[in-house]
file structure_16.cif (mmCIF, C-alpha atoms and all ligand atoms)
data_query
#
loop_
_atom_site.group_PDB
_atom_site.id
_atom_site.type_symbol
_atom_site.label_atom_id
_atom_site.label_comp_id
_atom_site.auth_asym_id
_atom_site.auth_seq_id
_atom_site.Cartn_x
_atom_site.Cartn_y
_atom_site.Cartn_z
ATOM 1 C CA MET A 1 143.832 -34.452 -21.910
ATOM 2 C CA LYS A 2 141.899 -34.685 -18.661
ATOM 3 C CA LYS A 3 142.122 -38.428 -17.984
ATOM 4 C CA GLU A 4 144.831 -40.882 -18.870
ATOM 5 C CA THR A 5 143.290 -44.276 -18.267
ATOM 6 C CA LYS A 6 141.967 -46.329 -21.175
ATOM 7 C CA CYS A 7 139.420 -48.279 -19.143
ATOM 8 C CA VAL A 8 135.856 -47.828 -20.401
ATOM 9 C CA HIS A 9 134.418 -47.841 -16.898
ATOM 10 C CA THR A 10 136.425 -44.907 -15.645
ATOM 11 C CA GLY A 11 136.735 -42.527 -18.605
ATOM 12 C CA SER A 12 139.401 -42.258 -21.274
ATOM 13 C CA TYR A 13 140.680 -40.610 -24.423
ATOM 14 C CA ARG A 14 137.017 -40.752 -25.432
ATOM 15 C CA ASP A 15 136.561 -37.607 -23.366
ATOM 16 C CA VAL A 16 138.652 -35.666 -25.864
ATOM 17 C CA VAL A 17 136.421 -36.740 -28.765
ATOM 18 C CA VAL A 18 133.246 -36.084 -26.780
ATOM 19 C CA ASN A 19 134.404 -32.624 -25.709
ATOM 20 C CA LYS A 20 135.238 -31.693 -29.308
ATOM 21 C CA LEU A 21 131.888 -32.893 -30.671
ATOM 22 C CA ALA A 22 129.950 -31.263 -27.846
ATOM 23 C CA ALA A 23 131.750 -27.992 -28.624
ATOM 24 C CA LEU A 24 131.050 -28.319 -32.356
ATOM 25 C CA GLU A 25 127.356 -28.964 -31.658
ATOM 26 C CA GLU A 26 127.286 -26.253 -28.989
ATOM 27 C CA THR A 27 126.174 -28.441 -26.127
ATOM 28 C CA GLU A 28 127.566 -29.692 -22.830
ATOM 29 C CA ASP A 29 128.543 -33.333 -22.995
ATOM 30 C CA GLY A 30 127.916 -36.637 -24.737
ATOM 31 C CA VAL A 31 128.638 -40.346 -25.017
ATOM 32 C CA LEU A 32 130.876 -42.016 -27.578
ATOM 33 C CA PHE A 33 129.788 -45.363 -29.027
ATOM 34 C CA SER A 34 131.231 -48.026 -31.274
ATOM 35 C CA SER A 35 128.764 -47.145 -34.064
ATOM 36 C CA GLY A 36 126.137 -44.638 -35.082
ATOM 37 C CA MET A 37 123.439 -47.253 -34.555
ATOM 38 C CA ALA A 38 124.617 -47.870 -30.987
ATOM 39 C CA ALA A 39 124.386 -44.115 -30.348
ATOM 40 C CA MET A 40 120.866 -43.897 -31.782
ATOM 41 C CA SER A 41 119.415 -47.036 -30.202
ATOM 42 C CA THR A 42 120.896 -46.296 -26.764
ATOM 43 C CA SER A 43 119.600 -42.720 -26.896
ATOM 44 C CA VAL A 44 116.066 -43.862 -27.730
ATOM 45 C CA MET A 45 116.108 -46.571 -25.053
ATOM 46 C CA SER A 46 117.305 -44.044 -22.481
ATOM 47 C CA PHE A 47 114.131 -42.005 -22.766
ATOM 48 C CA ALA A 48 111.409 -44.534 -23.641
ATOM 49 C CA ARG A 49 110.361 -47.542 -21.646
ATOM 50 C CA SER A 50 107.749 -50.265 -21.961
ATOM 51 C CA GLY A 51 104.300 -48.760 -22.583
ATOM 52 C CA ASP A 52 105.713 -45.504 -23.975
ATOM 53 C CA HIS A 53 105.309 -44.289 -27.545
ATOM 54 C CA VAL A 54 107.996 -43.135 -29.982
ATOM 55 C CA VAL A 55 107.411 -41.113 -33.149
ATOM 56 C CA MET A 56 109.828 -41.824 -35.978
ATOM 57 C CA ARG A 57 109.945 -39.813 -39.100
ATOM 58 C CA ASN A 58 109.624 -41.685 -42.388
ATOM 59 C CA ALA A 59 112.738 -42.162 -44.512
ATOM 60 C CA LEU A 60 115.156 -42.560 -41.626
ATOM 61 C CA TYR A 61 118.417 -44.403 -42.170
ATOM 62 C CA GLY A 62 117.500 -48.070 -42.757
ATOM 63 C CA GLY A 63 119.255 -49.255 -39.598
ATOM 64 C CA THR A 64 117.232 -46.854 -37.453
ATOM 65 C CA HIS A 65 114.042 -47.995 -39.151
ATOM 66 C CA ALA A 66 114.970 -51.647 -38.547
ATOM 67 C CA PHE A 67 115.832 -50.904 -34.906
ATOM 68 C CA ALA A 68 112.253 -49.660 -34.413
ATOM 69 C CA THR A 69 110.499 -52.476 -36.222
ATOM 70 C CA TYR A 70 112.648 -55.230 -34.773
ATOM 71 C CA LEU A 71 113.428 -54.076 -31.238
ATOM 72 C CA LEU A 72 110.941 -51.499 -29.988
ATOM 73 C CA ASP A 73 108.058 -53.964 -30.231
ATOM 74 C CA ARG A 74 109.997 -56.528 -28.231
ATOM 75 C CA LEU A 75 110.669 -53.945 -25.543
ATOM 76 C CA GLY A 76 106.965 -53.090 -25.362
ATOM 77 C CA ILE A 77 107.575 -49.603 -26.765
ATOM 78 C CA HIS A 78 104.928 -48.485 -29.278
ATOM 79 C CA TYR A 79 105.968 -46.482 -32.309
ATOM 80 C CA ASN A 80 104.603 -44.795 -35.409
ATOM 81 C CA PHE A 81 106.338 -43.793 -38.568
ATOM 82 C CA THR A 82 105.068 -40.538 -39.900
ATOM 83 C CA ALA A 83 105.142 -38.527 -43.095
ATOM 84 C CA THR A 84 108.055 -36.193 -43.545
ATOM 85 C CA GLY A 85 106.491 -32.771 -42.850
ATOM 86 C CA SER A 86 106.839 -31.193 -39.413
ATOM 87 C CA ASP A 87 103.034 -30.922 -39.072
ATOM 88 C CA ALA A 88 102.706 -34.666 -39.628
ATOM 89 C CA VAL A 89 105.359 -35.376 -36.992
ATOM 90 C CA CYS A 90 103.593 -33.167 -34.450
ATOM 91 C CA SER A 91 100.106 -34.500 -35.187
ATOM 92 C CA ILE A 92 100.876 -38.165 -34.493
ATOM 93 C CA VAL A 93 101.980 -37.570 -30.904
ATOM 94 C CA ASN A 94 99.835 -38.973 -28.065
ATOM 95 C CA ASP A 95 99.894 -38.791 -24.272
ATOM 96 C CA ARG A 96 102.408 -41.630 -24.037
ATOM 97 C CA THR A 97 104.860 -40.175 -26.574
ATOM 98 C CA LYS A 98 108.250 -39.774 -24.947
ATOM 99 C CA VAL A 99 110.621 -39.507 -27.908
ATOM 100 C CA ILE A 100 110.592 -38.059 -31.432
ATOM 101 C CA VAL A 101 113.303 -39.292 -33.798
ATOM 102 C CA LYS A 102 114.126 -37.554 -37.037
ATOM 103 C CA GLU A 103 116.746 -36.943 -39.656
ATOM 104 C CA SER A 104 117.031 -33.754 -41.656
ATOM 105 C CA PRO A 105 118.118 -33.934 -44.332
ATOM 106 C CA THR A 106 117.070 -37.559 -44.480
ATOM 107 C CA ASN A 107 119.625 -40.104 -45.470
ATOM 108 C CA ASN A 108 120.195 -40.821 -49.164
ATOM 109 C CA PRO A 109 118.447 -41.004 -51.546
ATOM 110 C CA LEU A 110 115.491 -38.722 -50.691
ATOM 111 C CA MET A 111 117.229 -35.825 -48.953
ATOM 112 C CA ASP A 112 114.046 -34.353 -47.469
ATOM 113 C CA ILE A 113 114.330 -31.584 -44.960
ATOM 114 C CA ILE A 114 112.081 -30.718 -42.050
ATOM 115 C CA ASP A 115 111.360 -27.597 -39.995
ATOM 116 C CA ILE A 116 113.592 -28.665 -37.112
ATOM 117 C CA ARG A 117 112.843 -25.627 -34.966
ATOM 118 C CA LYS A 118 109.093 -26.247 -35.211
ATOM 119 C CA VAL A 119 109.309 -29.901 -34.176
ATOM 120 C CA ALA A 120 111.782 -29.083 -31.389
ATOM 121 C CA ARG A 121 109.549 -26.357 -29.988
ATOM 122 C CA PHE A 122 106.521 -28.642 -30.127
ATOM 123 C CA ALA A 123 108.416 -31.460 -28.381
ATOM 124 C CA LYS A 124 109.543 -29.091 -25.606
ATOM 125 C CA THR A 125 105.987 -27.938 -24.874
ATOM 126 C CA ARG A 126 104.894 -31.581 -24.521
ATOM 127 C CA GLY A 127 107.900 -32.727 -22.466
ATOM 128 C CA ILE A 128 109.004 -35.045 -25.281
ATOM 129 C CA THR A 129 112.691 -35.754 -25.880
ATOM 130 C CA SER A 130 113.698 -34.873 -29.436
ATOM 131 C CA ILE A 131 116.545 -36.750 -31.113
ATOM 132 C CA ILE A 132 118.029 -35.932 -34.499
ATOM 133 C CA ASP A 133 120.515 -37.865 -36.593
ATOM 134 C CA ASN A 134 122.834 -35.128 -37.863
ATOM 135 C CA THR A 135 125.213 -37.456 -39.704
ATOM 136 C CA PHE A 136 124.340 -36.169 -43.119
ATOM 137 C CA ALA A 137 124.402 -32.455 -42.365
ATOM 138 C CA THR A 138 127.446 -32.567 -40.025
ATOM 139 C CA PRO A 139 128.001 -29.824 -37.421
ATOM 140 C CA VAL A 140 129.539 -27.709 -40.184
ATOM 141 C CA ASN A 141 126.172 -27.187 -41.873
ATOM 142 C CA GLN A 142 123.662 -27.528 -39.062
ATOM 143 C CA ASN A 143 123.574 -27.309 -35.253
ATOM 144 C CA PRO A 144 120.214 -28.769 -34.175
ATOM 145 C CA ILE A 145 120.792 -28.070 -30.464
ATOM 146 C CA LYS A 146 120.681 -24.360 -31.298
ATOM 147 C CA LEU A 147 117.306 -25.010 -32.935
ATOM 148 C CA GLY A 148 115.970 -26.571 -29.745
ATOM 149 C CA ILE A 149 116.685 -30.281 -30.293
ATOM 150 C CA ASP A 150 117.620 -32.231 -27.147
ATOM 151 C CA ILE A 151 119.987 -34.910 -28.479
ATOM 152 C CA VAL A 152 122.151 -34.932 -31.603
ATOM 153 C CA VAL A 153 123.384 -38.285 -32.861
ATOM 154 C CA HIS A 154 126.136 -38.883 -35.406
ATOM 155 C CA SER A 155 127.606 -41.851 -37.153
ATOM 156 C CA GLY A 156 131.296 -40.924 -36.920
ATOM 157 C CA THR A 157 132.007 -43.474 -39.619
ATOM 158 C CA LYS A 158 130.917 -41.031 -42.330
ATOM 159 C CA TYR A 159 131.842 -37.344 -42.747
ATOM 160 C CA LEU A 160 133.029 -36.910 -39.163
ATOM 161 C CA GLY A 161 135.703 -39.572 -39.661
ATOM 162 C CA GLY A 162 136.481 -38.204 -43.082
ATOM 163 C CA HIS A 163 139.005 -40.836 -44.131
ATOM 164 C CA SER A 164 136.881 -43.968 -43.899
ATOM 165 C CA ASP A 165 139.238 -45.284 -41.235
ATOM 166 C CA ILE A 166 137.143 -45.174 -38.063
ATOM 167 C CA CYS A 167 133.900 -46.723 -36.928
ATOM 168 C CA CYS A 168 132.102 -44.927 -34.127
ATOM 169 C CA GLY A 169 128.971 -43.073 -33.127
ATOM 170 C CA ILE A 170 128.241 -40.277 -30.718
ATOM 171 C CA ALA A 171 125.286 -38.720 -28.946
ATOM 172 C CA VAL A 172 125.800 -35.164 -27.684
ATOM 173 C CA THR A 173 123.381 -33.344 -25.391
ATOM 174 C CA SER A 174 123.043 -31.647 -21.999
ATOM 175 C CA SER A 175 124.980 -32.987 -19.010
ATOM 176 C CA LYS A 176 121.737 -34.267 -17.499
ATOM 177 C CA ASN A 177 120.722 -36.240 -20.616
ATOM 178 C CA THR A 178 124.292 -37.482 -20.961
ATOM 179 C CA ARG A 179 124.165 -39.060 -17.505
ATOM 180 C CA HIS A 180 121.006 -40.884 -18.544
ATOM 181 C CA ILE A 181 122.436 -42.164 -21.829
ATOM 182 C CA ARG A 182 125.725 -43.159 -20.198
ATOM 183 C CA THR A 183 123.908 -45.207 -17.580
ATOM 184 C CA THR A 184 121.892 -47.040 -20.267
ATOM 185 C CA ALA A 185 125.072 -47.631 -22.285
ATOM 186 C CA ARG A 186 126.815 -49.085 -19.240
ATOM 187 C CA HIS A 187 123.936 -51.448 -18.599
ATOM 188 C CA LEU A 188 123.912 -52.537 -22.241
ATOM 189 C CA GLY A 189 127.586 -53.400 -22.010
ATOM 190 C CA GLY A 190 131.007 -52.025 -22.771
ATOM 191 C CA SER A 191 134.461 -53.330 -23.520
ATOM 192 C CA LEU A 192 136.989 -53.421 -20.723
ATOM 193 C CA GLY A 193 139.928 -53.399 -23.061
ATOM 194 C CA GLY A 194 141.447 -54.631 -26.301
ATOM 195 C CA VAL A 195 144.184 -57.174 -26.911
ATOM 196 C CA GLU A 196 146.728 -55.452 -24.683
ATOM 197 C CA THR A 197 147.423 -56.561 -21.106
ATOM 198 C CA THR A 198 145.401 -54.672 -18.527
ATOM 199 C CA ILE A 199 145.409 -54.581 -14.755
ATOM 200 C CA CYS A 200 142.496 -52.985 -13.006
ATOM 201 C CA SER A 201 140.678 -52.930 -9.716
ATOM 202 C CA PRO A 202 137.214 -54.453 -10.293
ATOM 203 C CA ALA A 203 135.862 -52.712 -7.188
ATOM 204 C CA THR A 204 136.442 -49.310 -8.784
ATOM 205 C CA THR A 205 135.889 -50.208 -12.463
ATOM 206 C CA SER A 206 133.935 -53.166 -13.845
ATOM 207 C CA HIS A 207 132.073 -53.811 -10.563
ATOM 208 C CA ALA A 208 131.850 -50.227 -9.309
ATOM 209 C CA LYS A 209 128.094 -50.121 -9.816
ATOM 210 C CA ILE A 210 127.537 -53.158 -7.600
ATOM 211 C CA SER A 211 127.050 -52.382 -3.915
ATOM 212 C CA ALA A 212 129.974 -52.990 -1.557
ATOM 213 C CA GLU A 213 127.866 -55.585 0.244
ATOM 214 C CA GLU A 214 127.116 -57.512 -2.956
ATOM 215 C CA ARG A 215 130.769 -57.305 -4.047
ATOM 216 C CA LYS A 216 131.827 -58.772 -0.723
ATOM 217 C CA ARG A 217 129.276 -61.565 -1.096
ATOM 218 C CA VAL A 218 130.654 -62.625 -4.497
ATOM 219 C CA GLY A 219 134.296 -62.279 -3.432
ATOM 220 C CA ILE A 220 135.267 -58.996 -5.122
ATOM 221 C CA THR A 221 137.305 -57.406 -2.351
ATOM 222 C CA ASP A 222 138.502 -53.788 -2.544
ATOM 223 C CA SER A 223 142.122 -54.941 -2.841
ATOM 224 C CA LEU A 224 141.461 -57.522 -5.571
ATOM 225 C CA LEU A 225 143.275 -56.794 -8.853
ATOM 226 C CA ARG A 226 142.287 -58.279 -12.197
ATOM 227 C CA LEU A 227 145.162 -59.101 -14.563
ATOM 228 C CA SER A 228 144.124 -59.879 -18.146
ATOM 229 C CA ALA A 229 147.130 -61.086 -20.088
ATOM 230 C CA GLY A 230 147.195 -59.745 -23.640
ATOM 231 C CA ILE A 231 149.206 -60.595 -26.740
ATOM 232 C CA GLU A 232 152.513 -58.953 -25.793
ATOM 233 C CA HIS A 233 155.627 -61.117 -25.778
ATOM 234 C CA VAL A 234 155.610 -63.245 -22.634
ATOM 235 C CA GLU A 235 159.153 -62.196 -21.628
ATOM 236 C CA ASP A 236 158.192 -58.520 -21.824
ATOM 237 C CA LEU A 237 155.170 -59.158 -19.664
ATOM 238 C CA VAL A 238 157.130 -61.070 -17.045
ATOM 239 C CA ALA A 239 159.815 -58.360 -16.995
ATOM 240 C CA ASP A 240 157.185 -55.621 -16.584
ATOM 241 C CA LEU A 241 155.474 -57.479 -13.751
ATOM 242 C CA ASP A 242 158.807 -58.181 -12.051
ATOM 243 C CA GLN A 243 159.754 -54.555 -12.284
ATOM 244 C CA THR A 244 156.410 -53.398 -10.881
ATOM 245 C CA LEU A 245 156.328 -55.901 -8.044
ATOM 246 C CA ASN A 246 159.908 -55.125 -7.050
ATOM 247 C CA SER A 247 159.542 -51.346 -7.149
HETATM 248 C C1 LIG A 301 122.393 -41.130 -41.561
HETATM 249 C C2 LIG A 301 122.982 -42.340 -40.922
HETATM 250 N N1 LIG A 301 122.797 -42.519 -39.614
HETATM 251 C C3 LIG A 301 123.299 -43.602 -38.979
HETATM 252 C C4 LIG A 301 124.014 -44.551 -39.668
HETATM 253 C C5 LIG A 301 124.531 -45.748 -38.914
HETATM 254 O O1 LIG A 301 125.857 -45.529 -38.581
HETATM 255 P P1 LIG A 301 126.852 -46.742 -38.251
HETATM 256 O O2 LIG A 301 127.124 -47.440 -39.564
HETATM 257 O O3 LIG A 301 128.066 -46.046 -37.705
HETATM 258 O O4 LIG A 301 126.165 -47.609 -37.257
HETATM 259 C C6 LIG A 301 124.241 -44.401 -41.031
HETATM 260 C C7 LIG A 301 124.981 -45.419 -41.781
HETATM 261 O O5 LIG A 301 125.069 -45.423 -42.976
HETATM 262 C C8 LIG A 301 123.717 -43.257 -41.690
HETATM 263 O O6 LIG A 301 123.894 -43.066 -42.988
#

call {"tool": "encode", "arguments": {"input": "structure_16.cif", "output": "structure tokens"}}
result
Amino acid sequence: MKKETKCVHTGSYRDVVVNKLAALEETEDGVLFSSGMAAMSTSVMSFARSGDHVVMRNALYGGTHAFATYLLDRLGIHYNFTATGSDAVCSIVNDRTKVIVKESPTNNPLMDIIDIRKVARFAKTRGITSIIDNTFATPVNQNPIKLGIDIVVHSGTKYLGGHSDICCGIAVTSSKNTRHIRTTARHLGGSLGGVETTICSPATTSHAKISAEERKRVGITDSLLRLSAGIEHVEDLVADLDQTLNS
């Protein structure tokens, strides 16, 4: 394991999961999310901004469809749903199209498939980012990156989890795209910890993205430590703190 800390702002055990999935999908890196929908929506929002156009294939997972109809409009991002064939996907693109989103096979119950290589190649020639939801196929049956797709998204809650005991999502892609998605994810928010006690340095974690000048202005000094008391027994906590402060 490369990193030991559990803090979301500095890296964590998540790296192990990301490295495994990136290896399975034969790509470089990725970002782990709390759900498949978080992975999909953050990926789309990382590559399309107000005024841009997104092409979404018909018969996507309902949550992805709802994300487009409910949120893209509000963000000023135009979108079109298109028929399932690869020709239809390619023909609806315009000069403002920045992202193509598809599933293949599509989520239950239709199970349509698409010529992934054809759409990927087309997207590349137009400088469009292609995203595929590979939840249904899993990396065992299909590796879209090898077919030219830029970003592969999974809901880890389904086959990847396998035992119906985890809820997560992941987007795997090149290191460059990963940096983009990670930055969007950070801006959309993350969790600093769970119910356990944590001590961290805000200057290097939660507030690391704020300039040193701005941190100084709001009182976040480099030596400031944040202690968030969790649900451990109070006597254990006091003993741990005593031990640390006296060592
Ligand atoms: C194909 C597909 N993609 C994405 C999702 C959304 O995943 P999550 O429930 O982890 O947000 C689902 C959920 O059923 C799905 O079936």

call {"tool": "residues_near_ligand", "arguments": {"input": "structure_16.cif", "ligand": "ligand LIG 301 (chain A)", "cutoff": "10 Å", "atoms": "all atoms listed in the file", "output": "ChimeraX atom specification"}}
result
/A:33-41,60-64,103-108,132-137,153-159,166-170

call {"tool": "atom_distance", "arguments": {"input": "structure_16.cif", "atom1": "atom CA of A:Val195", "atom2": "atom CA of A:His233"}}
result
12.2 Å

call {"tool": "resolve_selection", "arguments": {"input": "structure_16.cif", "expression": "the PyMOL selection byres (((chain A and resi 201) around 7) and not hetatm)", "output": "number ranges by chain"}}
result
A: 200, 202-205, 224-226

call {"tool": "resolve_selection", "arguments": {"input": "structure_16.cif", "expression": "the PyMOL selection byres (((chain A and resi 88) around 12) and not hetatm)", "output": "ChimeraX atom specification"}}
result
/A:55-58,80-87,89-93,100,114-115,118-119,122

call {"tool": "closest_residue", "arguments": {"input": "structure_16.cif", "among": "A:Thr97, A:Gln142, A:Thr197, A:Ser175", "to": "A:Glu232", "atoms": "all atoms listed in the file"}}
result
A:Thr197

call {"tool": "resolve_selection", "arguments": {"input": "structure_16.cif", "expression": "the PyMOL selection byres (((chain A and resi 228) around 6) and not hetatm)", "output": "list in words"}}
result
Thr197, Thr198, Leu227 and Ala229 of chain A

call {"tool": "closest_residue", "arguments": {"input": "structure_16.cif", "among": "A:Ile199, A:Thr129, A:Ser164, A:Ser174", "to": "A:Leu237", "atoms": "only C-alpha atoms"}}
result
A:Ile199

call {"tool": "closest_residue", "arguments": {"input": "structure_16.cif", "among": "A:Ser223, A:Asn94, A:Thr138, A:Ser12", "to": "A:Arg126", "atoms": "all atoms listed in the file"}}
result
A:Asn94

call {"tool": "decode", "arguments": {"input": "structure_16.cif", "residues": "stretch 218-245 of chain A", "atoms": "C-alpha atoms", "output": "PDB file, in the first residue's frame"}}
result
ATOM      1  CA  VAL A 218      -8.868  33.663   7.661  1.00  0.00           C
ATOM      2  CA  GLY A 219      -6.641  32.439  10.500  1.00  0.00           C
ATOM      3  CA  ILE A 220      -5.556  29.022   9.188  1.00  0.00           C
ATOM      4  CA  THR A 221      -1.901  29.063  10.186  1.00  0.00           C
ATOM      5  CA  ASP A 222       0.544  26.377   9.014  1.00  0.00           C
ATOM      6  CA  SER A 223       0.880  25.050  12.571  1.00  0.00           C
ATOM      7  CA  LEU A 224      -2.869  24.912  13.265  1.00  0.00           C
ATOM      8  CA  LEU A 225      -4.178  21.391  13.960  1.00  0.00           C
ATOM      9  CA  ARG A 226      -7.825  20.393  13.687  1.00  0.00           C
ATOM     10  CA  LEU A 227      -9.040  17.831  16.236  1.00  0.00           C
ATOM     11  CA  SER A 228     -12.451  16.308  15.485  1.00  0.00           C
ATOM     12  CA  ALA A 229     -13.546  14.182  18.409  1.00  0.00           C
ATOM     13  CA  GLY A 230     -15.284  10.990  17.311  1.00  0.00           C
ATOM     14  CA  ILE A 231     -17.342   8.360  19.105  1.00  0.00           C
ATOM     15  CA  GLU A 232     -14.537   6.510  20.905  1.00  0.00           C
ATOM     16  CA  HIS A 233     -14.757   6.193  24.677  1.00  0.00           C
ATOM     17  CA  VAL A 234     -13.770   9.513  26.233  1.00  0.00           C
ATOM     18  CA  GLU A 235     -11.198   7.913  28.575  1.00  0.00           C
ATOM     19  CA  ASP A 236      -9.461   6.239  25.632  1.00  0.00           C
ATOM     20  CA  LEU A 237      -9.322   9.527  23.796  1.00  0.00           C
ATOM     21  CA  VAL A 238      -7.906  11.414  26.762  1.00  0.00           C
ATOM     22  CA  ALA A 239      -5.321   8.669  27.345  1.00  0.00           C
ATOM     23  CA  ASP A 240      -4.282   8.728  23.669  1.00  0.00           C
ATOM     24  CA  LEU A 241      -3.939  12.509  23.672  1.00  0.00           C
ATOM     25  CA  ASP A 242      -1.989  12.440  26.940  1.00  0.00           C
ATOM     26  CA  GLN A 243       0.346   9.843  25.558  1.00  0.00           C
ATOM     27  CA  THR A 244       0.906  11.791  22.336  1.00  0.00           C
ATOM     28  CA  LEU A 245       1.423  15.137  24.026  1.00  0.00           C
TER      29      LEU A 245
END
